[in-house]
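Below is run.txt, holding compact mmCIF, C-alpha atoms.
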# COMPACT_ATOMS: atom_id res chain seq x y z
CA MET A 1 0.00 0.00 0.00
CA ASN A 2 1.49 3.33 -1.10
CA LYS A 3 1.21 5.86 1.74
CA THR A 4 3.67 8.34 0.20
CA HIS A 5 2.06 11.73 -0.44
CA GLY A 6 3.17 15.23 -1.19
CA GLY A 7 2.83 17.79 1.55
CA ASN A 8 4.16 15.65 4.41
CA ILE A 9 6.22 18.58 5.56
CA TRP A 10 6.20 17.39 9.19
CA LYS A 11 8.03 14.16 8.35
CA ILE A 12 10.48 15.86 5.99
CA ALA A 13 11.30 18.56 8.53
CA LYS A 14 11.88 16.05 11.33
CA GLU A 15 14.12 13.81 9.21
CA ASN A 16 16.25 16.73 8.06
CA GLY A 17 16.53 18.69 11.30
CA LEU A 18 14.40 21.54 9.99
CA ARG A 19 11.32 23.42 11.13
CA PRO A 20 8.26 23.20 8.85
CA GLU A 21 8.33 26.98 8.47
CA ASP A 22 11.89 26.73 7.10
CA ILE A 23 10.67 24.77 4.06
CA ILE A 24 9.06 26.20 0.92
CA ASP A 25 6.70 23.38 0.04
CA PHE A 26 6.37 22.85 -3.72
CA SER A 27 5.33 19.22 -3.13
CA ALA A 28 1.74 20.09 -2.13
CA SER A 29 -0.36 22.00 -4.65
CA ILE A 30 -2.19 24.38 -2.31
CA ASN A 31 -3.06 28.04 -2.82
CA PRO A 32 -0.02 29.95 -1.45
CA LEU A 33 -2.22 32.97 -0.72
CA GLY A 34 -3.49 30.97 2.24
CA LEU A 35 -6.96 31.11 3.72
CA SER A 36 -9.53 33.68 2.75
CA PRO A 37 -9.07 36.69 5.11
CA ASP A 38 -12.79 36.53 5.87
CA ALA A 39 -12.50 32.85 6.80
CA ARG A 40 -9.53 33.51 9.05
CA ARG A 41 -11.32 36.34 10.84
CA ARG A 42 -14.54 34.38 11.38
CA MET A 43 -12.66 31.39 12.77
CA MET A 44 -10.89 33.60 15.29
CA GLU A 45 -14.26 35.03 16.33
CA SER A 46 -15.77 31.55 16.74
CA VAL A 47 -13.49 30.07 19.40
CA SER A 48 -16.21 30.41 22.03
CA ILE A 49 -18.51 27.93 20.26
CA LEU A 50 -15.94 25.13 19.99
CA GLY A 51 -17.27 23.59 23.19
CA HIS A 52 -20.37 22.55 21.24
CA TYR A 53 -20.68 19.67 18.79
CA PRO A 54 -20.61 20.63 15.11
CA GLU A 55 -23.65 20.02 12.96
CA PRO A 56 -24.08 16.24 12.57
CA CYS A 57 -24.51 16.42 8.79
CA ALA A 58 -22.79 19.79 8.10
CA ASP A 59 -25.98 21.18 6.60
CA MET A 60 -24.84 24.82 6.62
CA ILE A 61 -21.82 24.20 4.40
CA ARG A 62 -23.88 21.82 2.29
CA HIS A 63 -26.40 24.59 1.54
CA GLU A 64 -23.62 27.10 0.85
CA LEU A 65 -21.94 24.70 -1.58
CA ALA A 66 -25.28 24.25 -3.32
CA ARG A 67 -25.63 28.03 -3.70
CA PHE A 68 -22.05 28.38 -4.93
CA HIS A 69 -22.43 25.69 -7.58
CA ASN A 70 -26.07 26.52 -8.41
CA LEU A 71 -27.22 23.02 -7.51
CA SER A 72 -29.73 21.51 -5.09
CA SER A 73 -28.41 20.71 -1.63
CA GLU A 74 -29.85 17.22 -2.15
CA ASN A 75 -27.09 16.66 -4.72
CA ILE A 76 -24.29 17.42 -2.24
CA ILE A 77 -22.86 15.90 0.90
CA ALA A 78 -19.85 17.29 2.79
CA GLY A 79 -17.19 15.32 4.61
CA ASN A 80 -13.75 15.27 6.22
CA GLY A 81 -11.80 16.07 3.06
CA SER A 82 -12.22 14.36 -0.30
CA THR A 83 -10.14 11.42 0.94
CA GLU A 84 -12.95 10.42 3.30
CA PHE A 85 -15.17 9.90 0.26
CA ILE A 86 -12.45 8.15 -1.71
CA HIS A 87 -12.42 5.55 1.07
CA LEU A 88 -16.19 5.51 1.56
CA ILE A 89 -17.00 4.84 -2.11
CA PRO A 90 -15.72 1.24 -2.26
CA GLN A 91 -17.15 0.53 1.20
CA ILE A 92 -20.60 1.63 0.04
CA PHE A 93 -20.67 0.25 -3.52
CA LYS A 94 -18.48 -2.84 -2.94
CA PRO A 95 -17.08 -3.07 -6.48
CA LYS A 96 -15.56 -6.42 -7.43
CA ARG A 97 -13.45 -5.00 -10.26
CA ALA A 98 -12.37 -1.39 -10.82
CA ILE A 99 -10.33 0.50 -13.40
CA ILE A 100 -8.07 3.39 -12.38
CA VAL A 101 -6.92 5.80 -15.08
CA GLU A 102 -3.24 6.24 -14.17
CA PRO A 103 -0.87 7.76 -13.20
CA ALA A 104 -3.13 8.75 -10.33
CA PHE A 105 -3.50 9.56 -6.63
CA SER A 106 -2.49 6.48 -4.64
CA GLU A 107 -5.49 6.59 -2.30
CA TYR A 108 -7.84 5.29 -5.03
CA ARG A 109 -5.89 2.04 -5.11
CA ASN A 110 -5.42 1.97 -1.32
CA ALA A 111 -9.16 2.32 -0.69
CA LEU A 112 -10.09 -0.32 -3.25
CA GLU A 113 -7.51 -2.80 -1.97
CA LEU A 114 -8.83 -2.46 1.59
CA CYS A 115 -12.23 -3.61 0.28
CA GLY A 116 -10.80 -6.57 -1.60
CA CYS A 117 -11.53 -5.13 -5.04
CA GLU A 118 -9.63 -6.38 -8.09
CA ILE A 119 -7.90 -3.38 -9.67
CA LYS A 120 -6.94 -2.88 -13.29
CA GLY A 121 -4.66 0.06 -14.00
CA PHE A 122 -5.30 1.86 -17.28
CA MET A 123 -2.19 3.81 -18.21
CA ALA A 124 -2.18 7.19 -19.96
CA HIS A 125 1.17 7.06 -21.71
CA GLU A 126 3.89 9.69 -21.90
CA ASP A 127 4.17 9.43 -25.70
CA GLU A 128 0.47 10.38 -25.91
CA GLY A 129 0.94 13.44 -23.70
CA PHE A 130 -0.58 11.49 -20.79
CA ILE A 131 -4.01 11.86 -22.43
CA PRO A 132 -5.97 8.63 -21.92
CA ASP A 133 -6.91 6.77 -25.09
CA VAL A 134 -10.69 6.67 -24.63
CA LYS A 135 -11.29 3.98 -27.25
CA ARG A 136 -8.87 1.68 -25.46
CA LEU A 137 -10.47 2.66 -22.13
CA TYR A 138 -13.95 1.85 -23.41
CA SER A 139 -12.73 -1.58 -24.49
CA ALA A 140 -11.40 -2.17 -20.99
CA VAL A 141 -14.74 -1.11 -19.49
CA ARG A 142 -16.68 -3.43 -21.79
CA ALA A 143 -14.40 -6.28 -20.76
CA GLY A 144 -16.01 -6.02 -17.35
CA CYS A 145 -15.78 -3.67 -14.37
CA ASP A 146 -18.02 -2.13 -11.74
CA MET A 147 -16.28 1.20 -11.26
CA VAL A 148 -13.90 3.56 -13.11
CA TYR A 149 -11.76 6.18 -11.40
CA LEU A 150 -10.69 9.32 -13.27
CA CYS A 151 -8.95 12.42 -11.89
CA ASN A 152 -9.69 15.57 -13.91
CA PRO A 153 -7.47 17.59 -14.09
CA ALA A 154 -5.21 14.59 -13.67
CA ASN A 155 -2.75 14.31 -10.81
CA PRO A 156 0.24 14.45 -11.31
CA THR A 157 0.12 15.24 -15.05
CA GLY A 158 -2.25 18.23 -15.08
CA VAL A 159 -4.08 16.88 -18.16
CA LEU A 160 -7.64 18.19 -18.46
CA LEU A 161 -10.35 16.30 -20.34
CA GLN A 162 -13.21 18.38 -21.71
CA ARG A 163 -16.59 18.11 -20.07
CA ARG A 164 -18.28 16.55 -23.09
CA ASP A 165 -15.68 13.76 -23.18
CA VAL A 166 -16.16 12.94 -19.50
CA VAL A 167 -19.95 12.91 -19.93
CA GLU A 168 -19.57 10.51 -22.84
CA MET A 169 -17.30 8.39 -20.66
CA ALA A 170 -20.02 8.26 -17.98
CA LYS A 171 -22.57 7.16 -20.58
CA GLU A 172 -20.23 4.48 -21.86
CA CYS A 173 -19.73 3.25 -18.30
CA SER A 174 -23.51 3.18 -17.82
CA ARG A 175 -23.89 0.85 -20.81
CA SER A 176 -21.67 -1.59 -18.94
CA SER A 177 -23.42 -0.96 -15.58
CA ALA A 178 -20.29 0.72 -14.19
CA VAL A 179 -20.07 3.78 -11.94
CA LEU A 180 -17.72 6.58 -12.99
CA VAL A 181 -15.95 8.37 -10.12
CA VAL A 182 -14.45 11.70 -11.22
CA ASP A 183 -12.05 13.33 -8.76
CA GLU A 184 -12.30 17.08 -9.40
CA ALA A 185 -10.02 18.12 -6.54
CA PHE A 186 -8.29 20.65 -8.81
CA MET A 187 -11.30 21.62 -10.94
CA ASP A 188 -11.66 25.01 -9.21
CA PHE A 189 -8.82 26.08 -11.54
CA ALA A 190 -10.77 24.98 -14.66
CA GLU A 191 -14.39 25.17 -13.51
CA ASP A 192 -15.97 25.34 -16.96
CA GLU A 193 -15.02 21.70 -17.60
CA SER A 194 -16.64 20.34 -14.43
CA VAL A 195 -19.29 17.64 -14.84
CA LYS A 196 -21.00 18.66 -11.60
CA ARG A 197 -24.31 19.52 -13.28
CA GLU A 198 -24.38 16.27 -15.21
CA ALA A 199 -23.58 14.37 -12.00
CA ALA A 200 -26.76 15.75 -10.44
CA HIS A 201 -28.84 13.92 -13.08
CA LEU A 202 -26.91 10.89 -14.34
CA ASP A 203 -27.45 7.70 -12.34
CA ASN A 204 -23.83 6.47 -12.40
CA LEU A 205 -21.64 9.57 -11.99
CA ILE A 206 -20.01 10.61 -8.71
CA VAL A 207 -17.96 13.82 -8.56
CA VAL A 208 -15.51 14.21 -5.68
CA ARG A 209 -14.50 17.79 -4.80
CA SER A 210 -12.16 19.41 -2.29
CA MET A 211 -11.74 22.76 -0.53
CA THR A 212 -8.04 22.02 -0.05
CA LYS A 213 -6.35 23.24 -3.24
CA PHE A 214 -8.00 26.46 -4.40
CA PHE A 215 -9.23 27.57 -0.97
CA GLY A 216 -6.10 26.61 1.00
CA MET A 217 -7.91 24.56 3.64
CA ALA A 218 -5.67 21.46 3.75
CA GLY A 219 -5.41 21.37 7.54
CA LEU A 220 -9.13 21.94 8.11
CA ARG A 221 -10.22 18.93 5.99
CA LEU A 222 -13.31 19.77 3.95
CA GLY A 223 -14.43 17.89 0.86
CA TYR A 224 -17.74 16.96 -0.73
CA ILE A 225 -19.56 14.73 -3.17
CA ILE A 226 -21.82 15.88 -6.01
CA SER A 227 -24.15 13.24 -7.45
CA ASN A 228 -27.80 12.42 -8.02
CA LYS A 229 -30.15 12.38 -5.05
CA ARG A 230 -30.34 8.59 -4.84
CA LEU A 231 -26.57 8.14 -4.65
CA VAL A 232 -26.16 11.03 -2.19
CA LYS A 233 -28.74 9.32 0.04
CA ARG A 234 -26.55 6.21 0.10
CA PHE A 235 -23.67 8.32 1.41
CA GLU A 236 -25.96 9.92 4.01
CA ASP A 237 -26.94 6.48 5.30
CA PHE A 238 -23.34 5.33 5.58
CA LYS A 239 -21.28 8.38 6.64
CA PRO A 240 -20.71 8.88 10.39
CA PRO A 241 -22.01 12.07 12.05
CA TRP A 242 -19.81 15.06 12.94
CA SER A 243 -17.14 14.27 10.33
CA VAL A 244 -16.86 17.98 9.43
CA ASN A 245 -15.60 20.12 12.30
CA THR A 246 -17.05 23.51 13.23
CA LEU A 247 -14.07 25.56 12.05
CA ALA A 248 -14.06 23.81 8.66
CA ILE A 249 -17.77 24.62 8.24
CA ILE A 250 -17.22 28.27 9.15
CA ALA A 251 -14.12 28.65 6.97
CA GLY A 252 -15.82 26.90 4.07
CA ILE A 253 -18.85 29.18 4.13
CA GLU A 254 -16.78 32.36 4.41
CA SER A 255 -14.39 31.24 1.66
CA LEU A 256 -17.18 30.52 -0.80
CA GLN A 257 -18.69 33.96 -0.11
CA ASP A 258 -15.37 35.85 -0.36
CA THR A 259 -15.53 36.97 -4.00
CA ASP A 260 -12.47 39.23 -3.61
CA PHE A 261 -10.37 36.27 -2.50
CA ILE A 262 -11.66 34.12 -5.36
CA MET A 263 -10.82 36.84 -7.91
CA GLU A 264 -7.36 37.40 -6.38
CA THR A 265 -6.64 33.67 -6.50
CA THR A 266 -7.73 33.49 -10.13
CA ARG A 267 -5.43 36.39 -11.09
CA TRP A 268 -2.51 34.83 -9.18
CA PHE A 269 -3.04 31.50 -10.88
CA GLU A 270 -3.20 32.87 -14.41
CA GLU A 271 -0.05 34.96 -13.97
CA GLU A 272 2.12 32.54 -12.01
CA ARG A 273 1.22 29.40 -13.94
CA GLU A 274 2.51 30.97 -17.15
CA PHE A 275 5.61 32.38 -15.42
CA LEU A 276 6.56 29.06 -13.85
CA TYR A 277 5.83 26.99 -16.97
CA ASN A 278 7.96 29.21 -19.18
CA GLY A 279 10.71 29.35 -16.58
CA LEU A 280 10.88 25.56 -16.20
CA ASN A 281 11.06 24.98 -19.93
CA ALA A 282 13.80 27.60 -20.28
CA ILE A 283 16.13 25.46 -18.12
CA ALA A 284 18.35 23.11 -20.08
CA GLY A 285 17.78 19.53 -18.99
CA LEU A 286 14.11 19.94 -18.02
CA LYS A 287 10.78 19.46 -19.78
CA ALA A 288 7.60 20.75 -18.12
CA TYR A 289 4.30 19.36 -19.40
CA PRO A 290 1.33 21.69 -19.98
CA SER A 291 -1.11 21.71 -17.06
CA SER A 292 -4.60 23.00 -16.32
CA ALA A 293 -4.00 22.71 -12.57
CA ASN A 294 -1.80 24.56 -10.08
CA TYR A 295 1.20 22.27 -10.58
CA PHE A 296 3.50 21.00 -13.31
CA LEU A 297 4.86 17.56 -14.02
CA VAL A 298 8.51 17.92 -15.01
CA LYS A 299 10.83 15.42 -16.69
CA ILE A 300 14.58 15.46 -16.07
CA LEU A 301 16.35 15.04 -19.41
CA GLN A 302 19.86 14.67 -18.01
CA LYS A 303 20.76 10.98 -17.77
CA ASP A 304 22.76 11.11 -14.54
CA ILE A 305 20.21 12.90 -12.30
CA SER A 306 17.17 11.34 -10.61
CA SER A 307 14.15 13.05 -9.09
CA ALA A 308 15.21 11.82 -5.63
CA THR A 309 18.67 13.28 -6.11
CA LEU A 310 17.26 16.60 -7.23
CA GLN A 311 14.77 16.59 -4.37
CA ALA A 312 17.56 16.10 -1.83
CA ALA A 313 19.67 18.83 -3.38
CA LEU A 314 16.82 21.33 -3.34
CA LEU A 315 15.89 20.41 0.23
CA SER A 316 19.34 21.51 1.33
CA GLU A 317 18.23 24.95 0.10
CA GLY A 318 14.90 24.73 1.99
CA ILE A 319 12.86 23.83 -1.10
CA LEU A 320 10.72 20.67 -1.26
CA ILE A 321 9.55 19.19 -4.58
CA ARG A 322 7.44 16.05 -5.19
CA ASP A 323 9.38 12.99 -6.31
CA CYS A 324 6.97 11.24 -8.72
CA SER A 325 8.91 8.00 -9.17
CA LEU A 326 6.34 6.01 -7.15
CA PHE A 327 3.37 6.99 -9.32
CA PRO A 328 2.33 4.13 -11.64
CA GLY A 329 3.77 4.75 -15.09
CA MET A 330 6.38 7.16 -13.77
CA ASP A 331 10.08 6.62 -13.19
CA SER A 332 12.96 8.40 -11.48
CA THR A 333 13.08 11.14 -14.12
CA PHE A 334 9.78 12.76 -13.07
CA PHE A 335 8.96 15.30 -10.38
CA ARG A 336 6.09 17.70 -9.71
CA VAL A 337 6.14 21.30 -8.53
CA ALA A 338 3.28 23.45 -7.31
CA VAL A 339 2.66 26.98 -8.54
CA ARG A 340 3.50 29.38 -5.73
CA ARG A 341 4.11 33.12 -5.31
CA ARG A 342 6.41 34.94 -7.74
CA GLU A 343 9.37 35.27 -5.37
CA GLU A 344 9.13 31.58 -4.43
CA ASN A 345 8.75 30.47 -8.03
CA ARG A 346 11.77 32.54 -9.00
CA LEU A 347 13.80 31.01 -6.14
CA LEU A 348 12.90 27.51 -7.35
CA LEU A 349 13.87 28.33 -10.93
CA ASN A 350 17.17 29.89 -9.91
CA ASN A 351 18.09 26.84 -7.83
CA LEU A 352 17.08 24.39 -10.54
CA GLU A 353 19.14 26.25 -13.10
CA ARG A 354 22.14 26.29 -10.76
CA LEU A 355 21.87 22.62 -9.80
CA LEU A 356 21.48 21.47 -13.40
CA SER A 357 24.42 23.51 -14.67
CA PRO A 358 27.86 21.96 -15.35
CA ALA A 359 29.11 23.68 -12.17
CA PHE A 360 27.46 20.95 -10.10
CA VAL A 361 27.92 17.21 -9.83
CA PHE A 362 25.57 14.88 -7.98
CA LYS A 363 26.88 12.17 -5.69
CA GLN A 364 24.93 9.69 -3.57
CA GLY A 365 21.71 11.65 -3.83
CA MET A 366 23.16 15.01 -2.81
CA ALA A 367 24.54 17.98 -4.75
CA GLU A 368 28.11 19.06 -4.31
CA ARG A 369 29.75 22.07 -5.86
CA SER A 370 32.53 21.19 -8.28
CA LEU A 371 35.94 22.54 -7.34
Give the structure from this file in structure tokens form.
Amino acid sequence: MNKTHGGNIWKIAKENGLRPEDIIDFSASINPLGLSPDARRRMMESVSILGHYPEPCADMIRHELARFHNLSSENIIAGNGSTEFIHLIPQIFKPKRAIIVEPAFSEYRNALELCGCEIKGFMAHEDEGFIPDVKRLYSAVRAGCDMVYLCNPANPTGVLLQRRDVVEMAKECSRSSAVLVVDEAFMDFAEDESVKREAAHLDNLIVVRSMTKFFGMAGLRLGYIISNKRLVKRFEDFKPPWSVNTLAIIAGIESLQDTDFIMETTRWFEEEREFLYNGLNAIAGLKAYPSSANYFLVKILQKDISSATLQAALLSEGILIRDCSLFPGMDSTFFRVAVRRREENRLLLNNLERLLSPAFVFKQGMAERSL
């Protein structure tokens, strides 16, 4: 079971004798602007109510999410981050055979394995730009499966499938009596391609969403499901009460209502994504793949340098990147970096350019300056 994730800054700091605040974390793709100022203020004002239980079913945030997405609250259920639902789905539906479009987030496989499900990985190949071959995927679905997992935009590649293609995929799955699970954890950065409205009506489409990435709420744990009323009811019957804490509910509501913060985040993303992408591809020995999310998958073109080696070298400068060698279909030439603020992005680029120049040699996973 793969329990390696980006963003484990606590473990990295402890192992390297650092404080978490000493590390610039490019391994976790979270809004570097932080929480909405309105959310931060309201949480500080709400300390006095923490002696009470939160709402059992988090109805307030559920209704606010419905308003934000222009959906019925009956199509939404909130939980303790999207990972809670990733683990609940196989427990509720008990699939015997599932297909995961890979490379992908390891928790899909972990959750399915815990339920004894047979898993078939469907690889989106590098030579195809990591875009899944839908005809080949449909053949795999017709061969027999109960559930298909798709991340859109994909993690770690950043590939975005258009809404019409995902809807067609759901219909194809329906013909084979399979449920399509679409993880839209990063869809806030490409909202027009969300299949959330279709999920409210189709009988075999489950959309998993998160407040972690765009809204910077990783530590508060708030995620949600969008699906038709019948499927949402199945989650209601199975999910334990009080899984969303009071501060997460408050921060979620305030964040969704903070239009200034949403606009500022959108401007930051548009500017910094282009800056970082161009900067990465300007460095000899690197290839950054296009991305619709707030991160880039990068391939090391130099033969003698691995992602683990580069990660260790950057960590000595207080910069943490995501080694992608453990993702299915990836090898030791791939790493991922989040889009952060301009000064942080520039620092990353400067260090990458320095470490990949002839002035450096890499030995035993660390960088040493040539004499």
Computed interatomic separation between CA of Ser255 (chain A) and CA of Gly223 (chain A) (Å):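 Straight-line distance from CA of Ser255 (chain A) to CA of Gly223 (chain A) works out to 13.4 Å.
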Between CA of Ser177 (chain A) and CA of Asp192 (chain A) - distance in Å to one decimal: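 Here the two named atoms are 27.4 Å from each other.
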Region 27-30 of chain A surroundings by only C-alpha atoms, 6 Å radius, close-in-sequence under 2 positions cut, as a PyMOL selection string: chain A and resi 6-7+25+213+216+320-322+337-338
Preceding selection exported with C-alpha atoms as a PDB file, keeping the file's coordinate frame:
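Wrote it out as again.pdb, contents follow:
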ATOM      1  CA  GLY A   6       3.170  15.230  -1.190  1.00  0.00           C
ATOM      2  CA  GLY A   7       2.830  17.790   1.550  1.00  0.00           C
ATOM      3  CA  ASP A  25       6.700  23.380   0.040  1.00  0.00           C
ATOM      4  CA  LYS A 213      -6.350  23.240  -3.240  1.00  0.00           C
ATOM      5  CA  GLY A 216      -6.100  26.610   1.000  1.00  0.00           C
ATOM      6  CA  LEU A 320      10.720  20.670  -1.260  1.00  0.00           C
ATOM      7  CA  ILE A 321       9.550  19.190  -4.580  1.00  0.00           C
ATOM      8  CA  ARG A 322       7.440  16.050  -5.190  1.00  0.00           C
ATOM      9  CA  VAL A 337       6.140  21.300  -8.530  1.00  0.00           C
ATOM     10  CA  ALA A 338       3.280  23.450  -7.310  1.00  0.00           C
TER      11      ALA A 338
END
Nearest residue to Leu314 (chain A) from the set A:Ile23, A:Met169, A:Cys57, A:Met44 (distances using only C-alpha atoms): A:Ile23
Edge lengths and centre in Å to one decimal, as JSON, of the axis-aligned box that encloses all listed atoms of region 177-183 of chain A with 8 Å added on every side?
{"center_x": -17.7, "center_y": 6.2, "center_z": -12.2, "size_x": 27.4, "size_y": 30.3, "size_z": 22.8}
Pairwise distance for CA of Tyr224 (chain A) and CA of Gly79 (chain A), rounded to one decimal in Å: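 Calculated distance between CA of Tyr224 (chain A) and CA of Gly79 (chain A) is 5.6 Å.
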Residue nearest Gly121 (chain A) - candidates A:Asp165, A:Ala178, A:Leu220, A:Phe327, atoms counted: only C-alpha atoms: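 Selected residue with least distance to Gly121 (chain A): A:Phe327.
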Rebuild N, CA, C and O atoms on region 172-185 of chain A, as a PDB file, in the coordinates of the input?
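Just written: part05.pdb:
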ATOM      1  N   GLU A 172     -20.817   5.751 -21.458  1.00  0.00           N
ATOM      2  CA  GLU A 172     -20.230   4.480 -21.860  1.00  0.00           C
ATOM      3  C   GLU A 172     -20.137   3.528 -20.663  1.00  0.00           C
ATOM      4  O   GLU A 172     -20.410   2.330 -20.787  1.00  0.00           O
ATOM      5  N   CYS A 173     -19.771   4.066 -19.508  1.00  0.00           N
ATOM      6  CA  CYS A 173     -19.730   3.250 -18.300  1.00  0.00           C
ATOM      7  C   CYS A 173     -21.127   2.736 -17.949  1.00  0.00           C
ATOM      8  O   CYS A 173     -21.295   1.578 -17.530  1.00  0.00           O
ATOM      9  N   SER A 174     -22.139   3.569 -18.138  1.00  0.00           N
ATOM     10  CA  SER A 174     -23.510   3.180 -17.820  1.00  0.00           C
ATOM     11  C   SER A 174     -23.953   1.997 -18.674  1.00  0.00           C
ATOM     12  O   SER A 174     -24.659   1.101 -18.198  1.00  0.00           O
ATOM     13  N   ARG A 175     -23.525   1.966 -19.924  1.00  0.00           N
ATOM     14  CA  ARG A 175     -23.890   0.850 -20.810  1.00  0.00           C
ATOM     15  C   ARG A 175     -23.332  -0.467 -20.302  1.00  0.00           C
ATOM     16  O   ARG A 175     -23.873  -1.537 -20.620  1.00  0.00           O
ATOM     17  N   SER A 176     -22.257  -0.386 -19.517  1.00  0.00           N
ATOM     18  CA  SER A 176     -21.670  -1.590 -18.940  1.00  0.00           C
ATOM     19  C   SER A 176     -21.998  -1.729 -17.455  1.00  0.00           C
ATOM     20  O   SER A 176     -21.352  -2.508 -16.747  1.00  0.00           O
ATOM     21  N   SER A 177     -22.975  -0.933 -16.986  1.00  0.00           N
ATOM     22  CA  SER A 177     -23.420  -0.960 -15.580  1.00  0.00           C
ATOM     23  C   SER A 177     -22.279  -0.624 -14.619  1.00  0.00           C
ATOM     24  O   SER A 177     -22.183  -1.190 -13.525  1.00  0.00           O
ATOM     25  N   ALA A 178     -21.415   0.298 -15.037  1.00  0.00           N
ATOM     26  CA  ALA A 178     -20.290   0.720 -14.190  1.00  0.00           C
ATOM     27  C   ALA A 178     -20.504   2.152 -13.722  1.00  0.00           C
ATOM     28  O   ALA A 178     -21.085   2.987 -14.415  1.00  0.00           O
ATOM     29  N   VAL A 179     -20.020   2.433 -12.501  1.00  0.00           N
ATOM     30  CA  VAL A 179     -20.070   3.780 -11.940  1.00  0.00           C
ATOM     31  C   VAL A 179     -18.775   4.509 -12.276  1.00  0.00           C
ATOM     32  O   VAL A 179     -17.690   3.937 -12.146  1.00  0.00           O
ATOM     33  N   LEU A 180     -18.889   5.752 -12.713  1.00  0.00           N
ATOM     34  CA  LEU A 180     -17.720   6.580 -12.990  1.00  0.00           C
ATOM     35  C   LEU A 180     -17.499   7.548 -11.830  1.00  0.00           C
ATOM     36  O   LEU A 180     -18.387   8.339 -11.495  1.00  0.00           O
ATOM     37  N   VAL A 181     -16.331   7.465 -11.202  1.00  0.00           N
ATOM     38  CA  VAL A 181     -15.950   8.370 -10.120  1.00  0.00           C
ATOM     39  C   VAL A 181     -14.957   9.375 -10.697  1.00  0.00           C
ATOM     40  O   VAL A 181     -13.878   8.995 -11.167  1.00  0.00           O
ATOM     41  N   VAL A 182     -15.316  10.651 -10.686  1.00  0.00           N
ATOM     42  CA  VAL A 182     -14.450  11.700 -11.220  1.00  0.00           C
ATOM     43  C   VAL A 182     -13.959  12.570 -10.062  1.00  0.00           C
ATOM     44  O   VAL A 182     -14.754  13.240  -9.401  1.00  0.00           O
ATOM     45  N   ASP A 183     -12.669  12.519  -9.813  1.00  0.00           N
ATOM     46  CA  ASP A 183     -12.050  13.330  -8.760  1.00  0.00           C
ATOM     47  C   ASP A 183     -11.729  14.702  -9.352  1.00  0.00           C
ATOM     48  O   ASP A 183     -10.820  14.846 -10.164  1.00  0.00           O
ATOM     49  N   GLU A 184     -12.488  15.715  -8.928  1.00  0.00           N
ATOM     50  CA  GLU A 184     -12.300  17.080  -9.400  1.00  0.00           C
ATOM     51  C   GLU A 184     -11.641  17.946  -8.328  1.00  0.00           C
ATOM     52  O   GLU A 184     -11.966  19.126  -8.179  1.00  0.00           O
ATOM     53  N   ALA A 185     -10.675  17.392  -7.624  1.00  0.00           N
ATOM     54  CA  ALA A 185     -10.020  18.120  -6.540  1.00  0.00           C
ATOM     55  C   ALA A 185      -9.383  19.415  -7.003  1.00  0.00           C
ATOM     56  O   ALA A 185      -9.255  20.375  -6.234  1.00  0.00           O
TER      57      ALA A 185
END
